[in-house]
$ cat coords.txt   # compact mmCIF, C-alpha atoms
# COMPACT_ATOMS: atom_id res chain seq x y z
CA MET A 1 -0.84 0.20 27.04
CA LYS A 2 -1.33 3.86 26.39
CA PHE A 3 -2.65 5.49 23.24
CA GLY A 4 -2.44 9.08 22.11
CA VAL A 5 -4.64 10.57 19.40
CA VAL A 6 -3.39 13.68 17.62
CA ILE A 7 -5.98 16.31 16.73
CA PHE A 8 -5.38 18.83 13.95
CA PRO A 9 -7.78 21.59 12.96
CA GLY A 10 -10.11 19.67 10.64
CA SER A 11 -9.56 16.18 12.09
CA ASN A 12 -12.94 14.48 12.42
CA CYS A 13 -12.28 10.85 13.31
CA ASP A 14 -10.35 11.59 16.49
CA ARG A 15 -13.27 10.93 18.87
CA ASP A 16 -13.98 7.59 17.21
CA CYS A 17 -10.34 6.59 17.63
CA VAL A 18 -10.31 7.67 21.27
CA HIS A 19 -13.52 5.73 21.92
CA VAL A 20 -12.31 2.54 20.26
CA ALA A 21 -8.82 2.64 21.74
CA GLN A 22 -10.38 3.19 25.15
CA THR A 23 -12.96 0.44 24.76
CA VAL A 24 -10.43 -2.07 23.51
CA SER A 25 -7.48 -1.28 25.72
CA GLY A 26 -9.45 -0.30 28.81
CA ASN A 27 -6.83 2.37 29.37
CA LYS A 28 -6.89 6.08 29.35
CA VAL A 29 -6.36 7.52 25.93
CA GLU A 30 -4.92 11.00 25.59
CA SER A 31 -6.07 13.46 22.98
CA LEU A 32 -3.16 15.58 21.86
CA TRP A 33 -3.70 18.98 20.28
CA HIS A 34 -1.40 19.59 17.31
CA LYS A 35 0.20 22.57 19.07
CA GLU A 36 1.83 20.32 21.68
CA THR A 37 5.60 20.25 21.53
CA SER A 38 6.15 17.29 23.82
CA LEU A 39 4.47 13.93 24.14
CA PRO A 40 3.43 12.14 27.31
CA ARG A 41 4.64 8.55 27.76
CA LEU A 42 2.83 6.57 25.11
CA ASP A 43 2.96 3.20 23.40
CA CYS A 44 0.90 4.02 20.34
CA LEU A 45 0.07 7.24 18.56
CA ILE A 46 -2.92 7.46 16.25
CA ILE A 47 -3.12 10.09 13.53
CA PRO A 48 -6.83 10.10 12.76
CA GLY A 49 -8.81 10.81 9.63
CA GLY A 50 -10.49 14.03 8.60
CA PHE A 51 -9.48 17.06 6.60
CA SER A 52 -6.57 18.61 8.46
CA TYR A 53 -6.20 22.24 7.39
CA GLY A 54 -9.04 21.74 4.94
CA ASP A 55 -6.77 19.58 2.77
CA TYR A 56 -5.39 22.86 1.42
CA LEU A 57 -2.49 22.55 -1.02
CA ARG A 58 -2.45 18.74 -0.67
CA PRO A 59 -3.98 16.50 1.99
CA GLY A 60 -1.53 16.32 4.88
CA ALA A 61 0.86 18.91 3.44
CA ILE A 62 0.24 21.58 6.03
CA ALA A 63 -0.33 19.24 8.97
CA HIS A 64 3.16 17.96 8.27
CA PHE A 65 4.50 21.24 9.68
CA SER A 66 2.37 21.31 12.83
CA PRO A 67 4.32 21.84 16.06
CA ILE A 68 3.63 18.27 17.24
CA MET A 69 5.07 16.61 14.13
CA PRO A 70 8.78 16.66 15.10
CA GLU A 71 7.71 14.80 18.26
CA VAL A 72 5.72 12.31 16.22
CA LYS A 73 8.76 11.70 14.02
CA ALA A 74 11.06 11.29 17.01
CA PHE A 75 8.56 8.90 18.61
CA ALA A 76 8.45 6.82 15.41
CA GLU A 77 12.24 6.82 15.17
CA ARG A 78 12.47 5.51 18.75
CA GLY A 79 10.29 2.59 17.65
CA GLY A 80 6.95 3.84 19.01
CA LEU A 81 3.87 2.56 17.19
CA VAL A 82 2.28 5.11 14.88
CA LEU A 83 -1.00 4.39 13.09
CA GLY A 84 -2.25 6.81 10.44
CA ILE A 85 -5.81 6.32 9.22
CA CYS A 86 -7.07 7.98 6.03
CA ASN A 87 -5.98 11.63 6.38
CA GLY A 88 -3.52 10.31 8.98
CA PHE A 89 -2.01 8.10 6.25
CA GLN A 90 -1.82 11.12 3.94
CA ILE A 91 0.00 13.06 6.67
CA LEU A 92 2.47 10.22 7.24
CA VAL A 93 3.42 10.02 3.56
CA GLU A 94 3.83 13.79 3.45
CA THR A 95 6.21 13.64 6.43
CA GLY A 96 8.21 10.89 4.76
CA LEU A 97 7.59 8.44 7.60
CA LEU A 98 5.96 6.22 4.99
CA PRO A 99 6.97 5.73 1.35
CA GLY A 100 4.94 6.88 -1.65
CA ALA A 101 2.16 9.40 -2.06
CA LEU A 102 -1.64 9.49 -2.15
CA MET A 103 -3.15 11.01 -5.24
CA ARG A 104 -6.66 11.97 -6.32
CA ASN A 105 -8.87 8.90 -6.92
CA VAL A 106 -8.80 7.84 -10.55
CA SER A 107 -12.59 8.37 -10.75
CA LEU A 108 -12.06 11.98 -9.52
CA LYS A 109 -14.88 11.29 -7.09
CA PHE A 110 -15.04 11.15 -3.33
CA ILE A 111 -15.63 7.49 -2.48
CA CYS A 112 -17.67 6.47 0.53
CA ASP A 113 -18.01 2.72 0.41
CA ARG A 114 -17.28 -0.56 2.04
CA VAL A 115 -14.38 -2.61 0.69
CA THR A 116 -12.88 -6.02 1.17
CA LEU A 117 -9.23 -6.06 2.15
CA GLU A 118 -6.70 -8.82 2.21
CA ILE A 119 -4.29 -8.88 5.13
CA GLU A 120 -0.96 -9.15 3.35
CA ASN A 121 1.29 -8.95 6.36
CA ASN A 122 0.09 -10.27 9.72
CA LYS A 123 3.52 -10.21 11.36
CA LEU A 124 3.18 -6.63 12.54
CA PRO A 125 2.19 -5.29 15.96
CA PHE A 126 -0.88 -3.85 14.19
CA THR A 127 -2.04 -7.00 12.47
CA CYS A 128 -0.74 -9.97 14.47
CA ARG A 129 -4.23 -11.11 15.48
CA TYR A 130 -5.50 -11.38 11.93
CA PRO A 131 -5.09 -14.81 10.32
CA ALA A 132 -2.63 -14.73 7.40
CA HIS A 133 -4.21 -13.53 4.16
CA SER A 134 -7.63 -13.26 5.76
CA LEU A 135 -10.26 -11.05 4.15
CA VAL A 136 -11.85 -8.28 6.16
CA SER A 137 -14.49 -5.68 5.43
CA MET A 138 -13.90 -2.02 6.25
CA PRO A 139 -15.33 1.32 5.15
CA ILE A 140 -13.40 3.83 3.08
CA ALA A 141 -14.22 7.53 2.70
CA HIS A 142 -11.72 9.56 0.75
CA MET A 143 -10.95 11.70 -2.27
CA GLU A 144 -7.19 11.08 -2.35
CA GLY A 145 -6.52 7.42 -1.70
CA ASN A 146 -4.85 6.50 -4.95
CA TYR A 147 -1.52 5.12 -3.75
CA PHE A 148 1.49 5.92 -5.89
CA ALA A 149 5.17 5.09 -5.57
CA ASP A 150 7.86 5.01 -8.25
CA SER A 151 8.66 1.56 -9.60
CA GLU A 152 11.82 1.21 -7.52
CA THR A 153 10.01 2.06 -4.28
CA LEU A 154 7.11 -0.17 -5.22
CA LYS A 155 9.47 -3.11 -5.75
CA ARG A 156 11.24 -2.41 -2.48
CA ILE A 157 8.07 -2.25 -0.40
CA GLU A 158 6.69 -5.38 -2.03
CA ASP A 159 9.96 -7.26 -1.44
CA ASN A 160 10.08 -6.13 2.21
CA ASN A 161 6.44 -7.10 2.89
CA GLN A 162 5.58 -3.48 3.60
CA VAL A 163 2.27 -3.77 1.80
CA VAL A 164 0.01 -4.56 4.75
CA PHE A 165 -3.48 -4.29 3.23
CA ARG A 166 -4.56 -4.74 -0.36
CA TYR A 167 -8.00 -4.13 -1.86
CA HIS A 168 -9.51 -7.49 -2.72
CA GLY A 169 -11.57 -7.65 -5.90
CA ASP A 170 -12.32 -4.15 -7.17
CA ASN A 171 -9.65 -1.51 -6.82
CA PRO A 172 -11.76 1.46 -5.71
CA ASN A 173 -9.37 4.35 -6.30
CA GLY A 174 -6.67 3.31 -8.78
CA SER A 175 -3.96 2.54 -6.20
CA LEU A 176 -0.91 0.87 -7.66
CA HIS A 177 -0.89 -2.85 -6.87
CA SER A 178 -4.29 -2.24 -5.16
CA ILE A 179 -2.43 -1.00 -2.09
CA ALA A 180 -4.68 0.06 0.79
CA GLY A 181 -2.09 0.25 3.57
CA VAL A 182 1.69 0.26 3.93
CA CYS A 183 4.17 0.24 6.77
CA ASN A 184 7.70 1.55 7.13
CA GLU A 185 10.74 -0.67 6.92
CA LYS A 186 10.84 -1.37 10.65
CA GLY A 187 7.11 -2.11 10.75
CA ASN A 188 6.28 0.30 13.58
CA VAL A 189 4.56 2.92 11.42
CA LEU A 190 1.41 1.93 9.53
CA GLY A 191 -0.75 4.00 7.22
CA MET A 192 -4.06 2.85 5.78
CA MET A 193 -6.93 4.44 3.86
CA PRO A 194 -9.72 2.19 5.29
CA HIS A 195 -11.21 3.03 8.69
CA PRO A 196 -10.77 0.20 11.23
CA GLU A 197 -12.15 2.44 14.01
CA ARG A 198 -15.52 2.53 12.23
CA VAL A 199 -15.91 -1.25 12.36
CA ALA A 200 -14.89 -2.07 15.88
CA GLU A 201 -18.32 -2.75 17.34
CA THR A 202 -21.14 -4.98 16.10
CA LEU A 203 -23.64 -2.24 16.84
CA LEU A 204 -21.93 -0.09 14.21
CA GLY A 205 -21.79 -2.72 11.54
CA GLY A 206 -18.87 -5.00 12.20
CA GLN A 207 -15.86 -5.97 14.22
CA ASP A 208 -13.26 -6.46 11.51
CA GLY A 209 -11.38 -3.36 12.60
CA ARG A 210 -11.37 -4.28 16.25
CA LEU A 211 -8.68 -6.92 15.73
CA LEU A 212 -6.30 -4.20 14.64
CA PHE A 213 -6.65 -2.44 17.99
CA GLU A 214 -6.52 -5.78 19.80
CA SER A 215 -3.33 -6.63 17.94
CA ILE A 216 -1.71 -3.44 19.22
CA ILE A 217 -2.43 -4.11 22.89
CA MET B 1 9.81 40.63 -6.39
CA LYS B 2 6.90 38.58 -7.64
CA VAL B 3 7.04 34.82 -7.73
CA LYS B 4 4.99 32.57 -9.98
CA ALA B 5 5.29 28.88 -9.20
CA TYR B 6 3.77 26.12 -11.34
CA ILE B 7 3.27 22.64 -9.95
CA THR B 8 2.18 19.70 -12.06
CA LEU B 9 2.21 15.95 -11.76
CA LYS B 10 5.47 14.47 -13.00
CA GLU B 11 5.77 12.97 -16.44
CA GLY B 12 4.78 9.34 -16.14
CA VAL B 13 2.41 9.92 -13.21
CA LEU B 14 -1.16 9.38 -14.34
CA ASP B 15 -3.16 12.62 -14.17
CA PRO B 16 -6.87 11.67 -14.11
CA GLN B 17 -7.91 15.32 -14.03
CA GLY B 18 -5.79 16.12 -17.06
CA LYS B 19 -7.25 13.11 -18.87
CA ALA B 20 -10.83 14.21 -18.10
CA VAL B 21 -10.11 17.74 -19.35
CA GLU B 22 -8.46 16.34 -22.46
CA HIS B 23 -11.52 14.21 -23.25
CA ALA B 24 -13.78 17.19 -22.69
CA LEU B 25 -11.71 19.38 -25.03
CA LEU B 26 -11.73 16.73 -27.73
CA SER B 27 -15.46 16.20 -27.37
CA LEU B 28 -15.96 19.96 -27.74
CA GLY B 29 -14.33 19.63 -31.12
CA PHE B 30 -10.87 21.03 -30.33
CA GLN B 31 -8.84 18.70 -32.46
CA GLY B 32 -5.21 17.74 -32.01
CA VAL B 33 -5.19 18.23 -28.22
CA SER B 34 -3.00 15.82 -26.26
CA GLY B 35 -0.97 15.59 -23.09
CA VAL B 36 -3.21 17.80 -20.93
CA ARG B 37 -1.85 18.18 -17.39
CA VAL B 38 -3.73 20.04 -14.68
CA GLY B 39 -1.65 21.64 -11.99
CA LYS B 40 -1.41 24.45 -9.48
CA TYR B 41 -0.33 28.00 -10.00
CA ILE B 42 0.87 29.81 -6.89
CA THR B 43 1.85 33.47 -6.82
CA PHE B 44 3.25 35.61 -4.06
CA ASP B 45 5.50 38.56 -3.34
CA ILE B 46 8.84 38.13 -1.68
CA GLN B 47 11.10 40.76 -0.24
CA VAL B 48 14.71 39.74 -0.53
CA ARG B 49 17.93 41.48 -1.53
CA SER B 50 18.65 39.76 -4.80
CA GLU B 51 17.10 37.54 -7.42
CA ALA B 52 19.59 34.83 -6.52
CA GLN B 53 18.36 34.88 -2.96
CA ALA B 54 14.75 34.72 -4.16
CA ARG B 55 15.60 31.71 -6.34
CA ASP B 56 17.25 29.96 -3.45
CA GLN B 57 14.27 30.62 -1.16
CA VAL B 58 11.62 29.59 -3.69
CA GLU B 59 13.55 26.42 -4.55
CA LYS B 60 13.46 25.48 -0.86
CA MET B 61 9.76 26.34 -0.59
CA CYS B 62 8.94 24.08 -3.53
CA GLN B 63 11.03 21.23 -2.15
CA LYS B 64 9.66 21.54 1.35
CA LEU B 65 6.00 22.44 0.95
CA LEU B 66 4.66 23.67 -2.37
CA ALA B 67 5.30 20.45 -4.30
CA ASN B 68 5.33 16.82 -3.25
CA THR B 69 8.38 15.75 -5.22
CA THR B 70 7.35 12.10 -5.07
CA ILE B 71 4.62 12.85 -7.61
CA GLU B 72 4.98 16.48 -8.65
CA SER B 73 7.47 18.60 -10.51
CA TYR B 74 7.69 22.36 -10.27
CA GLN B 75 9.04 25.38 -12.07
CA PHE B 76 8.93 29.03 -11.15
CA GLU B 77 9.58 32.51 -12.47
CA ILE B 78 10.77 35.52 -10.56
CA ILE B 79 9.69 38.91 -11.82
CA GLN B 80 11.32 42.13 -10.67
CA SER B 81 8.59 44.53 -9.61
$ encode --input "coords.txt" --output "structure tokens"
Amino acid sequence: MKFGVVIFPGSNCDRDCVHVAQTVSGNKVESLWHKETSLPRLDCLIIPGGFSYGDYLRPGAIAHFSPIMPEVKAFAERGGLVLGICNGFQILVETGLLPGALMRNVSLKFICDRVTLEIENNKLPFTCRYPAHSLVSMPIAHMEGNYFADSETLKRIEDNNQVVFRYHGDNPNGSLHSIAGVCNEKGNVLGMMPHPERVAETLLGGQDGRLLFESII
Amino acid sequence: MKVKAYITLKEGVLDPQGKAVEHALLSLGFQGVSGVRVGKYITFDIQVRSEAQARDQVEKMCQKLLANTTIESYQFEIIQS
């Protein structure tokens, strides 16, 4: 199992993702600079969190046109696993690999908190080790995590079980249907606002995110 | 030619920033204010042969990068300089 982690100028969760993917998979993980125009052989690509291009214009809007992105799209279209976390999720919606958009939090505040999530779909390569509808605890840290999709898209993704994670209890950011993570139709591209890589070791406050990486391998 | 592009959240998409500004305006005593939307205003110069060509280019820019058409709508003006 081989992971790749894409680094944009302004990414800041890339080292955490490399560390966790390495620890869990025991394999070499490649960091990929956004200027790359070809990908090595990989099984899973992680688009990490951070503030790519300073979030200028809109989060993810400029990263979408980085040289590596056509390769990321081609990889996803071939069925490769792509996981976007936080800013990575924002990038994936901007590219159109995932439906919807992420808007400013309803509170207009940056939220750094811990939330409870319900696993809505555990049939995916990313979530298959989580028990159905289990509750997990993960941190969130974002300004634009308010998920939006038009009513038609919302119905479609709900009907297709593309809502993978939902905030349980309080909805921290105003997301429609309390959506915290969605996948594409085929289920090989997942985007989520919470940070599983930050809760993959007991030493750092929990293991609820580790199962996600263990599901992938 | 000078381009002025305006990007705002679509009708029907909740604009928390617009709502906050609206409340602030009302609390300052400006009565009768409603429907405040906060957006982006982008200006730049473009060197092209005709206004039609400028329109075509700016339309593509808005579609591709300047606006996220899932949530935002845009309009622009082109001013001969």
$ closest_residue --input "coords.txt" --among "A:Val5, A:Leu83, A:Ala149, A:Leu42" --to "chain B" --atoms "all atoms listed in the file"
A:Ala149
$ closest_residue --input "coords.txt" --among "A:Val29, A:Cys128, A:Val93, A:Ala101" --to "Val13 of chain B" --atoms "all atoms listed in the file"
A:Ala101
$ interface_residues --input "coords.txt" --of "chain B" --to "chain A" --cutoff "9 Å" --atoms "all atoms listed in the file" --output "ChimeraX atom specification"
/B:13-17,20,40,65-68,70-71
$ closest_residue --input "coords.txt" --among "A:Asn188, A:Asn121, A:Thr23, A:Thr116" --to "Val163 of chain A" --atoms "all atoms listed in the file"
A:Asn121
$ residues_around --input "coords.txt" --residues "segment 130-132 of chain A" --least-positions-apart "3" --cutoff "12 Å" --atoms "all atoms listed in the file" --output "list in words"
Leu117, Glu118, Ile119, Glu120, Asn121, Asn122, Lys123, Leu124, Pro125, Phe126, Thr127, Leu135, Val136, Val164, Phe165, Gln207, Asp208, Gly209, Arg210, Leu211, Leu212, Phe213, Glu214, Ser215 and Ile216 of chain A
$ atom_distance --input "coords.txt" --atom1 "atom CA of Glu59 of chain B" --atom2 "atom CA of Met143 of chain A"
28.7 Å
$ residues_around --input "coords.txt" --residues "segment 27-36 of chain B" --least-positions-apart "3" --cutoff "6 Å" --atoms "all atoms listed in the file" --output "JSON, numbers by chain"
{"B": [18, 22, 24]}
$ closest_residue --input "coords.txt" --among "A:Glu30, A:Glu36, A:Asp55, A:Glu158" --to "Gly10 of chain A" --atoms "only C-alpha atoms"
A:Asp55
$ atom_distance --input "coords.txt" --atom1 "atom CA of Gly191 of chain A" --atom2 "atom CA of Arg41 of chain A"
21.7 Å
$ closest_residue --input "coords.txt" --among "B:Gln80, B:Ile7, B:Leu25, B:Arg49" --to "Gln63 of chain B" --atoms "all atoms listed in the file"
B:Ile7
$ atom_distance --input "coords.txt" --atom1 "atom CA of Asn184 of chain A" --atom2 "atom CA of Gly26 of chain A"
27.7 Å
$ residues_around --input "coords.txt" --residues "Ile157 of chain A" --least-positions-apart "3" --cutoff "9 Å" --atoms "all atoms listed in the file" --output "list in words"
Pro99, Glu152, Thr153, Leu154, Asn160, Asn161, Gln162, Val163, Val182, Cys183, Asn184 and Glu185 of chain A
$ residues_around --input "coords.txt" --residues "segment 48-50 of chain A" --least-positions-apart "2" --cutoff "12 Å" --atoms "only C-alpha atoms" --output "ChimeraX atom specification"
/A:4-18,20-21,31-32,34,45-46,52-55,59-60,63,82-92,140-144,191-198
$ closest_residue --input "coords.txt" --among "A:Glu201, A:Asp159, A:Glu71, A:Glu77" --to "Lys186 of chain A" --atoms "all atoms listed in the file"
A:Glu77
$ residues_near_point --input "coords.txt" --point "(13.5, 24.2, -1.5)" --cutoff "12 Å" --atoms "all atoms listed in the file" --output "list in words"
Gln53, Ala54, Arg55, Asp56, Gln57, Val58, Glu59, Lys60, Met61, Cys62, Gln63, Lys64, Leu65, Leu66, Ala67, Asn68, Thr69, Tyr74, Gln75 and Phe76 of chain B
$ residues_around --input "coords.txt" --residues "Gly39 of chain B" --least-positions-apart "3" --cutoff "8 Å" --atoms "only C-alpha atoms" --output "list in words"
Tyr6, Ile7, Thr8 and Leu9 of chain B
$ axis_aligned_box --input "coords.txt" --around "segment 127-139 of chain A" --padding-each-side "3 Å" --output "lines of an AutoDock Vina configuration file"
center_x = -8.0
center_y = -6.7
center_z = 9.8
size_x = 20.6
size_y = 22.1
size_z = 17.3
